[in-house]
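Source file data.cif; content: mmCIF, C-alpha atoms.
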```
data_final
#
loop_
_atom_site.label_atom_id
_atom_site.label_comp_id
_atom_site.auth_asym_id
_atom_site.auth_seq_id
_atom_site.Cartn_x
_atom_site.Cartn_y
_atom_site.Cartn_z
CA MET A 7 -104.19 80.09 15.36
CA SER A 8 -101.70 81.96 13.19
CA ILE A 9 -98.35 83.56 14.01
CA LEU A 10 -96.53 86.11 11.87
CA ILE A 11 -92.85 86.79 12.58
CA THR A 12 -91.59 89.99 10.97
CA ASN A 13 -88.29 91.88 10.62
CA ILE A 14 -86.23 88.71 11.15
CA LYS A 15 -82.58 89.69 10.99
CA GLU A 16 -81.71 86.32 9.46
CA LEU A 17 -83.88 83.29 8.74
CA LEU A 18 -81.73 80.13 8.72
CA GLN A 19 -82.06 76.78 6.99
CA VAL A 20 -84.42 78.03 4.27
CA ARG A 21 -85.19 75.33 1.73
CA ASP A 22 -87.59 76.02 -1.15
CA THR A 23 -87.76 72.27 -1.82
CA ASN A 24 -88.11 69.63 0.85
CA VAL A 25 -84.49 68.65 1.42
CA THR A 26 -84.35 65.73 3.84
CA ILE A 27 -80.58 65.11 4.19
CA VAL A 28 -77.37 67.10 3.65
CA LYS A 29 -74.06 65.39 2.88
CA GLY A 30 -70.36 66.10 2.53
CA LYS A 31 -69.39 69.51 1.18
CA ASP A 32 -73.06 70.55 1.06
CA MET A 33 -73.05 70.57 4.86
CA LYS A 34 -70.99 73.77 4.68
CA LEU A 35 -73.93 75.51 2.95
CA LEU A 36 -76.65 77.00 5.15
CA PRO A 37 -79.19 78.91 3.04
CA THR A 38 -80.54 82.02 4.76
CA LEU A 39 -82.74 85.05 4.15
CA LYS A 40 -81.95 88.43 5.69
CA ASN A 41 -84.61 90.92 6.79
CA ALA A 42 -87.27 88.24 6.47
CA TYR A 43 -90.77 87.32 7.57
CA LEU A 44 -92.40 83.94 8.26
CA LEU A 45 -96.08 83.00 8.55
CA ILE A 46 -97.43 80.05 10.52
CA GLU A 47 -100.97 78.70 10.22
CA HIS A 48 -101.95 76.23 12.93
CA ASP A 49 -98.89 73.91 13.13
CA THR A 50 -97.44 74.56 9.67
CA ILE A 51 -95.06 76.98 7.95
CA VAL A 52 -97.14 78.37 5.09
CA GLU A 53 -95.09 81.32 3.81
CA TYR A 54 -91.85 83.22 4.19
CA GLY A 55 -89.79 85.74 2.27
CA ILE A 56 -87.96 89.04 2.57
CA MET A 57 -89.65 92.07 4.12
CA ASP A 58 -89.31 94.04 0.91
CA ASP A 59 -91.75 91.58 -0.67
CA PHE A 60 -94.01 91.25 2.38
CA PRO A 61 -97.62 91.10 1.14
CA GLY A 62 -99.16 92.24 4.42
CA HIS A 63 -100.56 89.00 5.92
CA GLU A 64 -102.89 89.16 8.91
CA ALA A 65 -102.26 86.90 11.93
CA ASP A 66 -103.58 86.23 15.42
CA ASP A 67 -100.16 86.88 16.92
CA ILE A 68 -97.44 89.11 15.45
CA ILE A 69 -93.84 88.88 16.67
CA ASP A 70 -91.35 91.61 15.81
CA ALA A 71 -87.99 89.82 15.52
CA THR A 72 -85.86 92.90 14.88
CA GLY A 73 -82.20 92.01 15.47
CA LYS A 74 -83.08 88.34 16.04
CA THR A 75 -82.33 85.13 14.17
CA VAL A 76 -84.93 82.44 13.47
CA LEU A 77 -84.03 78.82 12.76
CA PRO A 78 -85.62 75.36 12.94
CA ALA A 79 -85.84 73.84 16.41
CA TRP A 80 -83.18 71.26 17.18
CA CYS A 81 -83.88 67.63 16.26
CA ASP A 82 -82.26 65.41 18.90
CA SER A 83 -82.15 61.87 17.52
CA HIS A 84 -80.48 60.07 20.46
CA THR A 85 -81.62 60.42 24.08
CA HIS A 86 -82.31 58.33 27.17
CA ILE A 87 -84.29 60.92 29.13
CA VAL A 88 -86.71 58.41 30.67
CA TYR A 89 -84.78 57.36 33.75
CA ALA A 90 -85.11 57.52 37.53
CA GLY A 91 -82.87 59.33 39.99
CA ASP A 92 -79.33 60.26 38.95
CA ARG A 93 -75.77 58.93 39.04
CA SER A 94 -74.00 61.91 40.55
CA GLN A 95 -71.94 59.65 42.83
CA GLU A 96 -70.43 57.99 39.77
CA PHE A 97 -69.53 61.44 38.47
CA VAL A 98 -67.42 61.92 41.60
CA ASP A 99 -66.02 58.40 41.28
CA ARG A 100 -64.72 59.25 37.81
CA ILE A 101 -63.13 62.43 39.14
CA ASN A 102 -61.37 60.20 41.68
CA GLY A 103 -59.96 58.00 38.93
CA LEU A 104 -62.44 55.24 38.13
CA SER A 105 -63.23 54.68 34.47
CA TYR A 106 -66.72 54.26 32.99
CA GLU A 107 -65.92 50.59 32.37
CA ALA A 108 -64.62 50.04 35.94
CA ILE A 109 -67.76 51.58 37.42
CA ALA A 110 -69.90 49.30 35.25
CA LYS A 111 -67.95 46.18 36.28
CA ARG A 112 -68.65 46.81 39.96
CA GLY A 113 -72.41 47.07 39.37
CA GLY A 114 -72.69 50.76 38.67
CA GLY A 115 -73.53 52.44 35.40
CA ILE A 116 -76.54 51.15 33.51
CA LEU A 117 -77.23 48.43 36.11
CA ASN A 118 -77.43 51.11 38.80
CA SER A 119 -79.99 53.04 36.78
CA ALA A 120 -81.93 49.85 36.06
CA GLU A 121 -82.29 48.98 39.73
CA THR A 122 -83.49 52.49 40.56
CA LEU A 123 -85.98 52.50 37.68
CA GLN A 124 -87.38 49.08 38.54
CA ASN A 125 -88.21 50.44 42.02
CA THR A 126 -89.82 53.64 40.71
CA SER A 127 -93.54 53.80 39.94
CA GLU A 128 -94.68 54.47 36.41
CA ASP A 129 -96.32 57.75 37.43
CA GLU A 130 -93.21 58.99 39.20
CA LEU A 131 -91.05 57.98 36.25
CA PHE A 132 -93.38 59.91 33.95
CA GLN A 133 -93.22 63.05 36.11
CA GLN A 134 -89.41 63.00 36.31
CA SER A 135 -89.12 62.46 32.57
CA LEU A 136 -91.71 65.11 31.69
CA GLN A 137 -89.75 67.70 33.63
CA ARG A 138 -86.59 66.84 31.66
CA LEU A 139 -88.50 66.90 28.39
CA ASN A 140 -89.99 70.32 29.12
CA ASN A 141 -86.54 71.64 30.00
CA VAL A 142 -84.99 70.55 26.70
CA ILE A 143 -87.93 72.00 24.76
CA LYS A 144 -87.29 75.36 26.42
CA MET A 145 -83.68 75.03 25.21
CA GLY A 146 -84.89 74.68 21.64
CA THR A 147 -85.45 70.96 21.02
CA GLY A 148 -88.59 70.36 18.99
CA ALA A 149 -88.18 66.73 17.92
CA ILE A 150 -86.65 64.04 20.09
CA GLU A 151 -85.99 60.31 20.08
CA ILE A 152 -86.23 58.55 23.46
CA LYS A 153 -84.85 55.08 24.21
CA SER A 154 -85.73 52.47 26.76
CA GLY A 155 -82.84 50.46 28.20
CA TYR A 156 -82.85 51.22 31.92
CA GLY A 157 -85.44 48.53 32.65
CA LEU A 158 -83.65 45.30 31.66
CA THR A 159 -86.70 43.22 32.57
CA VAL A 160 -89.75 42.67 30.42
CA GLU A 161 -92.04 44.67 32.69
CA ALA A 162 -89.58 47.51 33.35
CA GLU A 163 -88.78 47.95 29.65
CA LEU A 164 -92.49 48.03 28.85
CA LYS A 165 -92.97 50.53 31.68
CA MET A 166 -90.38 52.83 30.12
CA LEU A 167 -91.98 52.58 26.70
CA ARG A 168 -95.43 53.30 28.15
CA VAL A 169 -93.97 56.42 29.75
CA ILE A 170 -92.53 57.49 26.39
CA LYS A 171 -95.98 56.97 24.86
CA ARG A 172 -97.50 59.17 27.60
CA LEU A 173 -94.90 61.85 26.91
CA GLU A 174 -95.79 61.69 23.23
CA ARG A 175 -99.48 62.25 24.04
CA THR A 176 -98.73 65.02 26.55
CA SER A 177 -96.05 67.06 24.81
CA LYS A 178 -96.17 69.28 21.73
CA ALA A 179 -92.72 68.02 20.70
CA LYS A 180 -92.33 65.29 18.07
CA ILE A 181 -91.30 62.11 19.90
CA LYS A 182 -90.06 58.78 18.55
CA ALA A 183 -89.59 55.71 20.78
CA THR A 184 -86.79 53.15 20.58
CA LEU A 185 -86.53 49.74 22.26
CA LEU A 186 -83.01 49.50 23.68
CA ALA A 187 -83.44 46.46 25.92
CA ALA A 188 -79.97 45.37 24.77
CA HIS A 189 -78.29 48.11 26.80
CA ALA A 190 -76.48 45.94 29.37
CA ILE A 191 -76.54 42.39 30.72
CA PRO A 192 -78.57 42.29 33.98
CA LYS A 193 -76.96 40.82 37.10
CA GLU A 194 -79.21 37.78 37.04
CA TYR A 195 -77.99 36.94 33.53
CA LYS A 196 -74.31 37.58 34.19
CA GLU A 197 -73.50 33.89 33.78
CA ASN A 198 -76.04 33.42 31.00
CA PRO A 199 -75.90 36.41 28.64
CA ASN A 200 -77.36 34.34 25.80
CA GLY A 201 -80.42 33.82 27.96
CA PHE A 202 -80.97 37.58 28.14
CA VAL A 203 -80.61 37.92 24.38
CA ASP A 204 -83.22 35.17 24.02
CA LEU A 205 -85.51 37.06 26.43
CA ILE A 206 -85.23 40.19 24.28
CA VAL A 207 -85.86 38.27 21.06
CA ASN A 208 -88.62 35.95 22.24
CA GLU A 209 -90.53 38.12 24.75
CA MET A 210 -89.65 41.81 24.68
CA ILE A 211 -89.63 42.44 20.94
CA PRO A 212 -92.93 40.63 20.28
CA GLU A 213 -94.65 42.49 23.16
CA VAL A 214 -93.37 45.87 22.05
CA SER A 215 -94.43 45.20 18.47
CA LYS A 216 -97.85 43.89 19.52
CA HIS A 217 -98.64 47.04 21.49
CA GLN A 218 -96.87 49.40 19.04
CA LEU A 219 -94.75 50.90 21.79
CA ALA A 220 -91.66 51.65 19.68
CA LYS A 221 -90.64 52.55 16.15
CA TYR A 222 -86.98 51.55 16.43
CA ILE A 223 -84.80 48.74 17.79
CA ASP A 224 -81.34 49.53 19.18
CA VAL A 225 -78.39 47.56 20.60
CA PHE A 226 -75.30 48.65 22.54
CA CYS A 227 -72.83 46.78 20.33
CA GLU A 228 -69.67 47.01 22.41
CA LYS A 229 -67.11 44.75 24.08
CA GLY A 230 -68.42 43.71 27.49
CA TYR A 231 -72.01 44.40 26.42
CA PHE A 232 -73.40 42.85 23.21
CA SER A 233 -71.30 41.08 20.59
CA LEU A 234 -71.75 41.22 16.83
CA GLU A 235 -73.54 37.87 17.02
CA ASP A 236 -75.89 39.12 19.76
CA THR A 237 -76.51 42.35 17.88
CA GLU A 238 -77.35 40.59 14.63
CA LYS A 239 -79.77 38.26 16.37
CA ILE A 240 -81.59 41.19 17.99
CA LEU A 241 -81.65 43.39 14.90
CA LYS A 242 -82.95 40.49 12.80
CA ALA A 243 -85.75 39.81 15.28
CA GLY A 244 -86.59 43.49 15.46
CA THR A 245 -86.88 43.90 11.72
CA GLU A 246 -89.06 40.79 11.51
CA HIS A 247 -91.45 42.54 13.90
CA GLY A 248 -91.45 45.81 11.96
CA LEU A 249 -88.91 47.72 14.07
CA VAL A 250 -86.34 49.85 12.25
CA PRO A 251 -82.72 49.35 13.42
CA LYS A 252 -80.59 52.01 15.06
CA ILE A 253 -77.37 51.00 16.77
CA HIS A 254 -74.83 52.15 19.39
CA VAL A 255 -71.40 51.40 17.88
CA ASN A 256 -67.71 52.29 18.12
CA GLN A 257 -67.90 54.11 21.45
CA PHE A 258 -64.87 52.37 22.96
CA ASN A 259 -63.94 49.78 20.31
CA ALA A 260 -64.32 49.41 16.53
CA PHE A 261 -64.89 45.78 15.55
CA GLY A 262 -67.43 45.70 12.73
CA GLY A 263 -70.58 47.10 14.27
CA VAL A 264 -70.94 49.85 11.67
CA GLY A 265 -70.95 47.32 8.85
CA LEU A 266 -73.50 45.20 10.69
CA GLY A 267 -75.76 48.21 11.11
CA VAL A 268 -75.53 48.97 7.41
CA LYS A 269 -76.26 45.31 6.59
CA TYR A 270 -79.60 45.68 8.38
CA ASP A 271 -80.34 49.09 6.82
CA ALA A 272 -79.99 50.89 10.14
CA LEU A 273 -81.44 54.37 10.06
CA SER A 274 -78.46 55.55 12.08
CA VAL A 275 -75.21 54.40 13.66
CA ASP A 276 -74.50 56.39 16.80
CA HIS A 277 -71.42 57.31 18.88
CA LEU A 278 -68.57 56.56 16.41
CA GLU A 279 -65.88 57.94 18.67
CA LEU A 280 -63.56 55.43 16.99
CA MET A 281 -63.77 55.03 13.21
CA THR A 282 -61.82 52.94 10.74
CA ASN A 283 -61.40 53.43 7.01
CA ASP A 284 -63.58 50.35 6.52
CA ASP A 285 -66.34 51.96 8.58
CA ILE A 286 -66.29 55.07 6.41
CA HIS A 287 -66.18 53.00 3.23
CA VAL A 288 -69.20 50.91 4.18
CA LEU A 289 -71.20 54.03 5.13
CA GLN A 290 -70.47 55.56 1.73
CA LYS A 291 -72.50 52.74 0.15
CA SER A 292 -75.48 53.15 2.47
CA LYS A 293 -78.40 55.38 3.45
CA THR A 294 -77.43 55.11 7.13
CA MET A 295 -76.84 58.35 9.05
CA PRO A 296 -73.69 58.60 11.21
CA VAL A 297 -74.55 60.34 14.50
CA ALA A 298 -72.03 62.04 16.79
CA LEU A 299 -72.63 62.65 20.51
CA PRO A 300 -70.01 65.25 21.47
CA SER A 301 -71.30 66.06 24.94
CA CYS A 302 -70.78 62.39 25.87
CA SER A 303 -67.14 62.68 24.81
CA TYR A 304 -66.89 65.91 26.79
CA PHE A 305 -68.37 64.39 29.97
CA LEU A 306 -66.45 61.09 29.88
CA GLY A 307 -63.19 62.51 28.53
CA ILE A 308 -63.12 60.07 25.61
CA PRO A 309 -62.25 60.83 21.96
CA TYR A 310 -64.65 62.86 19.83
CA THR A 311 -66.24 61.46 16.69
CA PRO A 312 -63.89 62.30 13.76
CA ALA A 313 -66.35 64.64 12.07
CA ARG A 314 -63.88 65.98 9.55
CA ALA A 315 -63.01 62.52 8.24
CA ILE A 316 -66.69 61.61 7.96
CA ILE A 317 -67.84 64.80 6.24
CA ASP A 318 -64.78 65.08 4.01
CA ALA A 319 -65.53 61.54 2.78
CA GLY A 320 -68.81 62.91 1.38
CA LEU A 321 -70.96 61.48 4.16
CA PRO A 322 -73.70 63.20 6.15
CA LEU A 323 -73.41 63.64 9.91
CA ALA A 324 -76.01 64.30 12.59
CA LEU A 325 -75.52 65.64 16.10
CA ALA A 326 -77.47 64.47 19.14
CA SER A 327 -77.26 64.94 22.88
CA ASP A 328 -77.21 61.35 24.26
CA TYR A 329 -79.03 62.79 27.30
CA ASN A 330 -78.73 60.13 30.03
CA PRO A 331 -77.87 59.92 33.74
CA GLY A 332 -74.46 58.31 33.39
CA SER A 333 -72.47 59.71 30.51
CA THR A 334 -74.37 62.84 29.40
CA PRO A 335 -76.67 64.34 32.05
CA SER A 336 -77.70 67.19 29.75
CA GLY A 337 -80.00 67.55 26.77
CA ASN A 338 -78.80 71.03 25.83
CA MET A 339 -78.45 70.90 22.05
CA ASN A 340 -77.03 74.42 22.02
CA PHE A 341 -74.03 73.05 23.92
CA VAL A 342 -73.87 70.07 21.55
CA VAL A 343 -73.62 72.42 18.55
CA SER A 344 -70.95 74.51 20.29
CA THR A 345 -68.93 71.46 21.28
CA ALA A 346 -69.07 70.11 17.73
CA CYS A 347 -67.53 73.34 16.47
CA ILE A 348 -64.97 73.69 19.24
CA LYS A 349 -63.82 70.09 19.63
CA MET A 350 -64.74 68.42 16.33
CA LYS A 351 -63.79 71.34 14.05
CA MET A 352 -67.19 71.50 12.39
CA THR A 353 -68.14 74.86 10.92
CA PRO A 354 -71.25 76.57 12.36
CA GLU A 355 -73.05 75.76 9.11
CA GLU A 356 -72.14 72.07 9.34
CA ALA A 357 -73.15 71.88 12.99
CA ILE A 358 -76.52 73.56 12.42
CA ASN A 359 -77.24 71.28 9.45
CA ALA A 360 -76.26 68.29 11.61
CA ALA A 361 -78.57 69.34 14.46
CA THR A 362 -81.57 70.20 12.29
CA ILE A 363 -82.09 68.46 8.91
CA ASN A 364 -79.73 65.55 9.55
CA GLY A 365 -80.94 65.12 13.11
CA ALA A 366 -84.47 64.88 11.76
CA TYR A 367 -83.32 62.30 9.19
CA ALA A 368 -81.72 60.22 11.96
CA MET A 369 -85.11 59.91 13.65
CA GLY A 370 -87.07 59.42 10.45
CA VAL A 371 -88.92 62.76 10.43
CA SER A 372 -86.95 65.00 8.05
CA ASN A 373 -89.89 65.05 5.65
CA GLU A 374 -91.74 67.22 8.21
CA TYR A 375 -89.07 68.73 10.45
CA GLY A 376 -85.57 70.20 10.36
CA SER A 377 -85.80 73.07 7.87
CA ILE A 378 -87.74 76.21 6.98
CA CYS A 379 -89.88 74.94 4.13
CA ARG A 380 -93.49 75.58 3.16
CA GLY A 381 -95.61 72.71 4.43
CA LYS A 382 -93.21 71.63 7.18
CA LYS A 383 -94.11 71.75 10.85
CA ALA A 384 -93.60 75.06 12.63
CA ASN A 385 -90.93 74.11 15.17
CA LEU A 386 -88.76 77.20 15.56
CA ILE A 387 -86.19 78.95 17.69
CA ILE A 388 -86.21 82.75 17.91
CA THR A 389 -82.94 84.00 19.34
CA LYS A 390 -82.27 87.08 21.38
CA PRO A 391 -80.66 89.91 19.36
CA ILE A 392 -77.31 88.58 18.11
CA ASN A 393 -74.70 89.84 15.65
CA SER A 394 -74.59 86.63 13.64
CA TYR A 395 -75.64 82.98 13.86
CA TYR A 396 -71.94 82.36 14.55
CA ASN A 397 -72.75 83.54 18.06
CA LEU A 398 -74.81 80.38 18.64
CA PRO A 399 -71.75 78.08 18.89
CA TYR A 400 -69.32 80.88 19.84
CA ALA A 401 -71.05 82.06 23.03
CA PHE A 402 -71.29 78.51 24.36
CA GLY A 403 -72.14 79.50 27.92
CA ASP A 404 -74.92 81.98 27.11
CA ASN A 405 -78.63 81.36 26.70
CA LEU A 406 -79.31 83.07 23.39
CA ILE A 407 -82.88 81.77 22.98
CA ASP A 408 -85.71 84.28 23.31
CA LYS A 409 -88.70 82.18 22.23
CA VAL A 410 -89.44 78.61 21.16
CA ILE A 411 -92.40 77.67 18.97
CA ILE A 412 -93.43 74.00 18.84
CA ASN A 413 -96.16 72.80 16.46
CA GLY A 414 -97.18 76.41 15.86
CA GLN A 415 -97.60 77.15 19.58
CA MET A 416 -95.46 79.35 21.77
CA VAL A 417 -93.67 77.49 24.57
CA SER A 418 -94.13 79.30 27.88
#
```

Is it possible to give me this structure as structure tokens?
Amino acid sequence: MSILITNIKELLQVRDTNVTIVKGKDMKLLPTLKNAYLLIEHDTIVEYGIMDDFPGHEADDIIDATGKTVLPAWCDSHTHIVYAGDRSQEFVDRINGLSYEAIAKRGGGILNSAETLQNTSEDELFQQSLQRLNNVIKMGTGAIEIKSGYGLTVEAELKMLRVIKRLERTSKAKIKATLLAAHAIPKEYKENPNGFVDLIVNEMIPEVSKHQLAKYIDVFCEKGYFSLEDTEKILKAGTEHGLVPKIHVNQFNAFGGVGLGVKYDALSVDHLELMTNDDIHVLQKSKTMPVALPSCSYFLGIPYTPARAIIDAGLPLALASDYNPGSTPSGNMNFVVSTACIKMKMTPEEAINAATINGAYAMGVSNEYGSICRGKKANLIITKPINSYYNLPYAFGDNLIDKVIINGQMVS
């Protein structure tokens, strides 16, 4: 199967060499070609250029993209889309004045989702999650990381990871799985949190590693959840079993979690709504990707990740959706990109780099995804006719996507 896209008004994120990360001032640069063509063979980008140099390739399917922009599909490196039910009541509770922390203390939040998931069959969980996955693909997401963390028992966490594995086999999208058993302390361990950490270290991590159910290990390192000591114990055990660290840090408090993530060579540190100078300094000496989740800040009404401070310090930054039932019930990466520009003062170029190449880096796949490069996978967005790619973040309420191509196949 081959697809030829011709008369592209503007082809974005064109990289003649396989760039896998963009940092600092380079994030303001978004290489493009105007009046371009692009050729896909099977699942791979094999050629592109300007129409004036078009050599007349044949293809099974030809798409005339006159007036339209083509760019890499979004790479969403932080989601929790495998969950059961919803938490719409908590949404109303917050409107009526309860904080996220107060809802959690009374048994809501993650514990609410865990109870619902534990009582949901694996097949039903798969069907609910597949519907969400298909929806975000239609909105332009072509690579996605999915975490466990709403199980909080050995069997329920394994059930979640098996569902992620089924999604990976079923979907055309690139999927990476993360073990996030350390998401909250279950009710039965409220008086013995160390016992739950031991359960994660001694039972969950070995089982997940044995059955190769996850690539990454994650911890919600936050006051009232998992301490630095807990986090280090879990990350150490994960790395000993071949799992690569990622970490939730600095959502509500900054107390050293970023440095701990860097110590364990975390692929990414995510949230970062609160950042200190020490956090930025330690990241400057690392290969760890900072990841911002602006739609979480939007939904909860908490501070936004200080993107300008991070980028101006010469660091890279990725954007992800944090799609989950409690704090971000949306996986719309188009909205994420818009919100980053509107609320975090990122330029459109920075935001698109953060949601493509750097998002791919934050899930360990930027060698194959995230840019228009010969030999990379053909995961693409074709927009409707637009004046400029500035319209993507500017018209935040509009659906500007015409077609999505995943692994060289058109998404219906």

Subject >> Closest of A:Pro309, A:Gly376, A:Gly55, A:Gly365 to A:Leu325 - atom-to-atom distances counting all atoms listed in the file >> reply: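 Going through A:Pro309, A:Gly376, A:Gly55, A:Gly365 one by one, the smallest distance to A:Leu325 is for A:Gly365.
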
Residues matched by the PyMOL selection byres ((chain A and resi 345-359) around 8), written as a PDB file with C-alpha atoms, in the coordinates of the input:
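Written file, out04.pdb:
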```pdb
ATOM      1  CA  GLN A  19     -82.060  76.780   6.990  1.00  0.00           C
ATOM      2  CA  VAL A  28     -77.370  67.100   3.650  1.00  0.00           C
ATOM      3  CA  MET A  33     -73.050  70.570   4.860  1.00  0.00           C
ATOM      4  CA  LYS A  34     -70.990  73.770   4.680  1.00  0.00           C
ATOM      5  CA  LEU A  35     -73.930  75.510   2.950  1.00  0.00           C
ATOM      6  CA  LEU A  36     -76.650  77.000   5.150  1.00  0.00           C
ATOM      7  CA  PRO A 300     -70.010  65.250  21.470  1.00  0.00           C
ATOM      8  CA  SER A 301     -71.300  66.060  24.940  1.00  0.00           C
ATOM      9  CA  TYR A 310     -64.650  62.860  19.830  1.00  0.00           C
ATOM     10  CA  THR A 311     -66.240  61.460  16.690  1.00  0.00           C
ATOM     11  CA  PRO A 312     -63.890  62.300  13.760  1.00  0.00           C
ATOM     12  CA  ALA A 313     -66.350  64.640  12.070  1.00  0.00           C
ATOM     13  CA  ARG A 314     -63.880  65.980   9.550  1.00  0.00           C
ATOM     14  CA  ALA A 324     -76.010  64.300  12.590  1.00  0.00           C
ATOM     15  CA  LEU A 325     -75.520  65.640  16.100  1.00  0.00           C
ATOM     16  CA  PHE A 341     -74.030  73.050  23.920  1.00  0.00           C
ATOM     17  CA  VAL A 342     -73.870  70.070  21.550  1.00  0.00           C
ATOM     18  CA  VAL A 343     -73.620  72.420  18.550  1.00  0.00           C
ATOM     19  CA  SER A 344     -70.950  74.510  20.290  1.00  0.00           C
ATOM     20  CA  ALA A 360     -76.260  68.290  11.610  1.00  0.00           C
ATOM     21  CA  ALA A 361     -78.570  69.340  14.460  1.00  0.00           C
ATOM     22  CA  THR A 362     -81.570  70.200  12.290  1.00  0.00           C
ATOM     23  CA  ILE A 363     -82.090  68.460   8.910  1.00  0.00           C
ATOM     24  CA  ASN A 364     -79.730  65.550   9.550  1.00  0.00           C
ATOM     25  CA  TYR A 395     -75.640  82.980  13.860  1.00  0.00           C
ATOM     26  CA  TYR A 396     -71.940  82.360  14.550  1.00  0.00           C
ATOM     27  CA  PRO A 399     -71.750  78.080  18.890  1.00  0.00           C
TER      28      PRO A 399
END
```

Subject >> Interatomic distance, atom CA of A:Val160 to atom CA of A:His217 (Å, one decimal) >> reply: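 About the pair atom CA of A:Val160 and atom CA of A:His217: they are 13.3 Å apart.
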
Subject >> Distance of atom CA of A:Leu167 from atom CA of A:Ser94, expressed in Å to one decimal place >> reply: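 Between atom CA of A:Ser94 and atom CA of A:Leu167 the gap works out to 24.5 Å.
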
Subject >> Nearest to A:Val142, chosen from A:Glu96, A:Glu161, A:Asp82, A:Asp66, with only C-alpha atoms counted in the distances >> reply: A:Asp82

**OP:** Run the PyMOL selection byres ((chain A and resi 238) around 12) against the file shown and list the residues it catches, as an MDAnalysis selection string.
**Re:** chainID A and resid 188 203 207 223:227 232:237 239:245 251:253 262:272

Subject >> Residue contacts of A:Lys29 (9 Å, all atoms listed in the file) excluding same-chain residues fewer than 5 positions away, as number ranges by chain >> reply: A: 317, 320-323, 364

**OP:** Would you mind telling me which residue in A:Asp70, A:Glu174, A:Glu107, A:Glu128 lies nearest to A:Ile308 when using only C-alpha atoms?
**Re:**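 Closest to A:Ile308, using only C-alpha atoms: A:Glu107.
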
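As for atom CA of A:Ala90 and atom CA of A:Gln134, they are spaced 7.1 Å apart.
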
Which residues match the PyMOL selection byres ((chain A and resi 282) around 10) in the file above, as a PDB file with C-alpha atoms, in the frame of the given file?
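Writing done, so here's part17.pdb:
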```pdb
ATOM      1  CA  ASN A 256     -67.710  52.290  18.120  1.00  0.00           C
ATOM      2  CA  ALA A 260     -64.320  49.410  16.530  1.00  0.00           C
ATOM      3  CA  PHE A 261     -64.890  45.780  15.550  1.00  0.00           C
ATOM      4  CA  GLY A 262     -67.430  45.700  12.730  1.00  0.00           C
ATOM      5  CA  VAL A 264     -70.940  49.850  11.670  1.00  0.00           C
ATOM      6  CA  LEU A 278     -68.570  56.560  16.410  1.00  0.00           C
ATOM      7  CA  LEU A 280     -63.560  55.430  16.990  1.00  0.00           C
ATOM      8  CA  MET A 281     -63.770  55.030  13.210  1.00  0.00           C
ATOM      9  CA  ASN A 283     -61.400  53.430   7.010  1.00  0.00           C
ATOM     10  CA  ASP A 284     -63.580  50.350   6.520  1.00  0.00           C
ATOM     11  CA  ASP A 285     -66.340  51.960   8.580  1.00  0.00           C
ATOM     12  CA  ILE A 286     -66.290  55.070   6.410  1.00  0.00           C
ATOM     13  CA  HIS A 287     -66.180  53.000   3.230  1.00  0.00           C
ATOM     14  CA  ALA A 315     -63.010  62.520   8.240  1.00  0.00           C
TER      15      ALA A 315
END
```

Original post:
So, counting all atoms listed in the file, which residue among A:Thr12, A:Pro331, A:Val25, A:Ile101 is closest to A:Met57?
Top reply: A:Thr12

**OP:** Name the residues in contact with A:Glu374 at a cut-off of 10 Å, using only C-alpha atoms, excluding same-chain residues fewer than 6 positions from it; report them as a ChimeraX atom specification.
**Re:** /A:24,26,50,363,366-367,380-385

Original post:
Using all atoms listed in the file, which residue out of A:Glu228, A:Leu306, A:Val250, A:Lys31 lies closest to A:Gly103?
Top reply: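 Closest to A:Gly103 of all the choices is A:Leu306.
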